[in-house]
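First comes the structure, then the notes that go with it.
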Amino acid sequence: MSIASAVTSGLQAALLLARGRADGVRYVEDDMAGAARSFWAMAICLPAFVCLRLLAWTSGGMPPHPAHVFGLDLLSYGIGWFGFAVLSHRLVGAMGLAARWPRCIALWNWCNVIQYMMLVGFSIPGLLGAPTLLDEVAQLVGVGWALWLEWFAFRLALGIGILPAIGLVAVDVSIGVFLAGLSATG
């Protein structure tokens with residue numbers, strides 16, 4: 001499969017899942033080559049990541065050394081993304097589901113694109129000067145939907161129950177929070 005076909009299929013799968021449609025899973029490749037191609041999602045998400053960083057600076061003010069902070073943020077972005085992939089490979093293998101990991105990580109990668117778009121989209125009300133309550137509700141909806149999408153993807157790709165899927169989401173979020181903390185102190 002070409003990269004363009006993989007991107008198209010992966011995004012179609014993620015969009016279907018974001019709408020609660022489990023049949024989106026069938027559009028994601030289930031082999032290691034497909035899993036490798038799905039890491040193009042990281043490049044696709046980069047503009048949204050940069051947008052979110054800039055949005056954070058508009059509300060919280062410019063950091064004292066913006067280039068340094070942005071460099072740390074970019075390192076955290078890559079380390080977090082690949083770190084979760086490596087850790088999830090081990091965790092899914094320990095669950096006895098190693099054969100399902102390629103589809104799982106591919107689906108996780110493509111869902112990240114939709115998650116980033118949701119986070120940017122739900123940040124727009126605050127950027128446009130919406131009342132604080134509306135801005136916070138919009139951001140809460142965006143974060144909640146993004147977490148739900150990740151949980152839904154894990155459940156479908158791995159065929160696991162509610163709690164193990166919550167555990168995988170918690171691992172991903174924990175990596176992000178940990179790296180954000182390191183980046184903030186750097």
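Letters A, B, ... go to the chains of the structure tokens in the order shown; residues in each chain start at 1; ligands are counted from 1 in the same order.
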Close residues, Ala6 (chain A) itself excluded, 10 Å, only C-alpha atoms, min 5 positions apart in chain, as a list in words: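 Listing them by chain and then by number gives Met1, Leu11, Gln12, Tyr27, Val28, Glu29, Gly34, Ala35, Arg37, Ser38, Trp40, Ala106 and Trp110 of chain A.
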Take the residues from that selection and put them in a file with N, CA and C atoms, as a PDB file, in the first residue's frame.
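The file below, part-v2.pdb, is the result:
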ATOM      1  N   MET A   1       0.850  -1.176   0.000  1.00  0.00           N
ATOM      2  CA  MET A   1       0.000   0.000   0.000  1.00  0.00           C
ATOM      3  C   MET A   1       0.896   1.240   0.000  1.00  0.00           C
ATOM      4  N   LEU A  11      -6.982   7.883   8.061  1.00  0.00           N
ATOM      5  CA  LEU A  11      -7.807   9.018   8.472  1.00  0.00           C
ATOM      6  C   LEU A  11      -9.287   8.688   8.369  1.00  0.00           C
ATOM      7  N   GLN A  12      -9.653   7.910   7.368  1.00  0.00           N
ATOM      8  CA  GLN A  12     -11.054   7.489   7.253  1.00  0.00           C
ATOM      9  C   GLN A  12     -11.437   6.634   8.458  1.00  0.00           C
ATOM     10  N   TYR A  27     -10.441  -0.326   8.119  1.00  0.00           N
ATOM     11  CA  TYR A  27      -9.665   0.476   7.179  1.00  0.00           C
ATOM     12  C   TYR A  27      -8.193   0.584   7.564  1.00  0.00           C
ATOM     13  N   VAL A  28      -7.828   0.047   8.716  1.00  0.00           N
ATOM     14  CA  VAL A  28      -6.456   0.159   9.205  1.00  0.00           C
ATOM     15  C   VAL A  28      -5.733  -1.162   8.968  1.00  0.00           C
ATOM     16  N   GLU A  29      -4.528  -1.053   8.440  1.00  0.00           N
ATOM     17  CA  GLU A  29      -3.722  -2.247   8.180  1.00  0.00           C
ATOM     18  C   GLU A  29      -3.380  -2.951   9.489  1.00  0.00           C
ATOM     19  N   GLY A  34       2.143  -1.728   7.843  1.00  0.00           N
ATOM     20  CA  GLY A  34       1.069  -0.746   8.032  1.00  0.00           C
ATOM     21  C   GLY A  34       1.279   0.079   9.284  1.00  0.00           C
ATOM     22  N   ALA A  35       1.752  -0.586  10.337  1.00  0.00           N
ATOM     23  CA  ALA A  35       2.047   0.146  11.577  1.00  0.00           C
ATOM     24  C   ALA A  35       3.145   1.168  11.331  1.00  0.00           C
ATOM     25  N   ARG A  37       3.925   2.620   8.448  1.00  0.00           N
ATOM     26  CA  ARG A  37       3.382   3.708   7.619  1.00  0.00           C
ATOM     27  C   ARG A  37       2.504   4.655   8.443  1.00  0.00           C
ATOM     28  N   SER A  38       1.870   4.131   9.472  1.00  0.00           N
ATOM     29  CA  SER A  38       0.961   4.969  10.267  1.00  0.00           C
ATOM     30  C   SER A  38       1.696   6.057  11.043  1.00  0.00           C
ATOM     31  N   TRP A  40       3.363   8.258   9.835  1.00  0.00           N
ATOM     32  CA  TRP A  40       3.217   9.506   9.087  1.00  0.00           C
ATOM     33  C   TRP A  40       2.222  10.417   9.806  1.00  0.00           C
ATOM     34  N   ALA A 106      -1.292   1.403  14.794  1.00  0.00           N
ATOM     35  CA  ALA A 106      -1.690   2.132  13.587  1.00  0.00           C
ATOM     36  C   ALA A 106      -2.964   2.927  13.861  1.00  0.00           C
ATOM     37  N   TRP A 110      -3.387   7.090  13.826  1.00  0.00           N
ATOM     38  CA  TRP A 110      -4.357   7.830  13.007  1.00  0.00           C
ATOM     39  C   TRP A 110      -5.375   8.563  13.877  1.00  0.00           C
TER      40      TRP A 110
END
Exercise: Ala138 (chain A) partners within 10 Å, only C-alpha atoms, chain neighbours under 5 positions left out, as a ChimeraX atom specification: /A:119,121-126,132-133,143-144
Could you save the residues just selected, with C-alpha atoms, as an mmCIF file, in the first residue's frame?
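Generated file (part.cif):
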data_model
loop_
_atom_site.group_PDB
_atom_site.id
_atom_site.type_symbol
_atom_site.label_atom_id
_atom_site.label_comp_id
_atom_site.auth_asym_id
_atom_site.auth_seq_id
_atom_site.Cartn_x
_atom_site.Cartn_y
_atom_site.Cartn_z
ATOM 1 C CA LEU A 119 -8.106 19.943 20.522
ATOM 2 C CA GLY A 121 -10.971 23.125 17.091
ATOM 3 C CA PHE A 122 -12.278 23.219 20.631
ATOM 4 C CA SER A 123 -9.655 25.860 21.532
ATOM 5 C CA ILE A 124 -11.018 28.316 18.975
ATOM 6 C CA PRO A 125 -13.839 29.739 21.159
ATOM 7 C CA GLY A 126 -11.297 31.035 23.670
ATOM 8 C CA THR A 132 -14.489 31.876 30.035
ATOM 9 C CA LEU A 133 -17.215 29.359 30.859
ATOM 10 C CA VAL A 143 -10.278 16.677 25.791
ATOM 11 C CA GLY A 144 -13.050 14.292 26.823
#
Coordinates-based distance that separates CA of Val50 (chain A) from CA of Gly129 (chain A) (Å, one decimal):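 For CA of Gly129 (chain A) relative to CA of Val50 (chain A), the distance reads 20.5 Å.
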For region 159-169 of chain A: contacts at 9 Å, only C-alpha atoms, fewer than 3 positions along chain excluded, given as a ChimeraX atom specification: /A:88,91,100,147-148,150-156,172-174
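With only C-alpha atoms as the atoms that count, the residue of A:Val25, A:Leu107, A:Cys45, A:Ala4 with the shortest distance to Ala85 (chain A) is A:Leu107.
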Trp81 (chain A) environment, 10 Å, only C-alpha atoms, sequence neighbours closer than 3 positions dropped, as a list in words: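 So, after excluding close chain neighbours, the residues are Phe39, Met42, Leu75, Ser76, Tyr77, Gly78, Phe84, Ala85, Val86, Asn109, Asn112, Asp172, Ile175 and Gly176 of chain A.
Using only C-alpha atoms, the nearest neighbour of Leu182 (chain A) within the list A:Gly80, A:Ala99, A:Gln115, A:Ala146 is A:Gly80.
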For CA of Ser9 (chain A) and CA of Val92 (chain A), the interatomic separation in Å (one decimal):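 Taking CA of Ser9 (chain A) as the start and CA of Val92 (chain A) as the end point, the length is 23.6 Å.
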For Ala157 (chain A), the nearest of the candidates A:Ile3, A:Ile44, A:Ala14, A:Leu134, counting only C-alpha atoms: A:Ala14
Given only C-alpha atoms as the counted atoms, nearest of A:Ala43, A:Ile79, A:Cys51, A:Leu140 to Val113 (chain A):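 Using only C-alpha atoms, Val113 (chain A) sits closest to A:Ala43.
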Helix (DSSP H, G or I) residues, from DSSP on the backbone, in region 10-72 of chain A, as a ChimeraX atom specification: /A:10-18,22-27,32-37,40-60,66-72
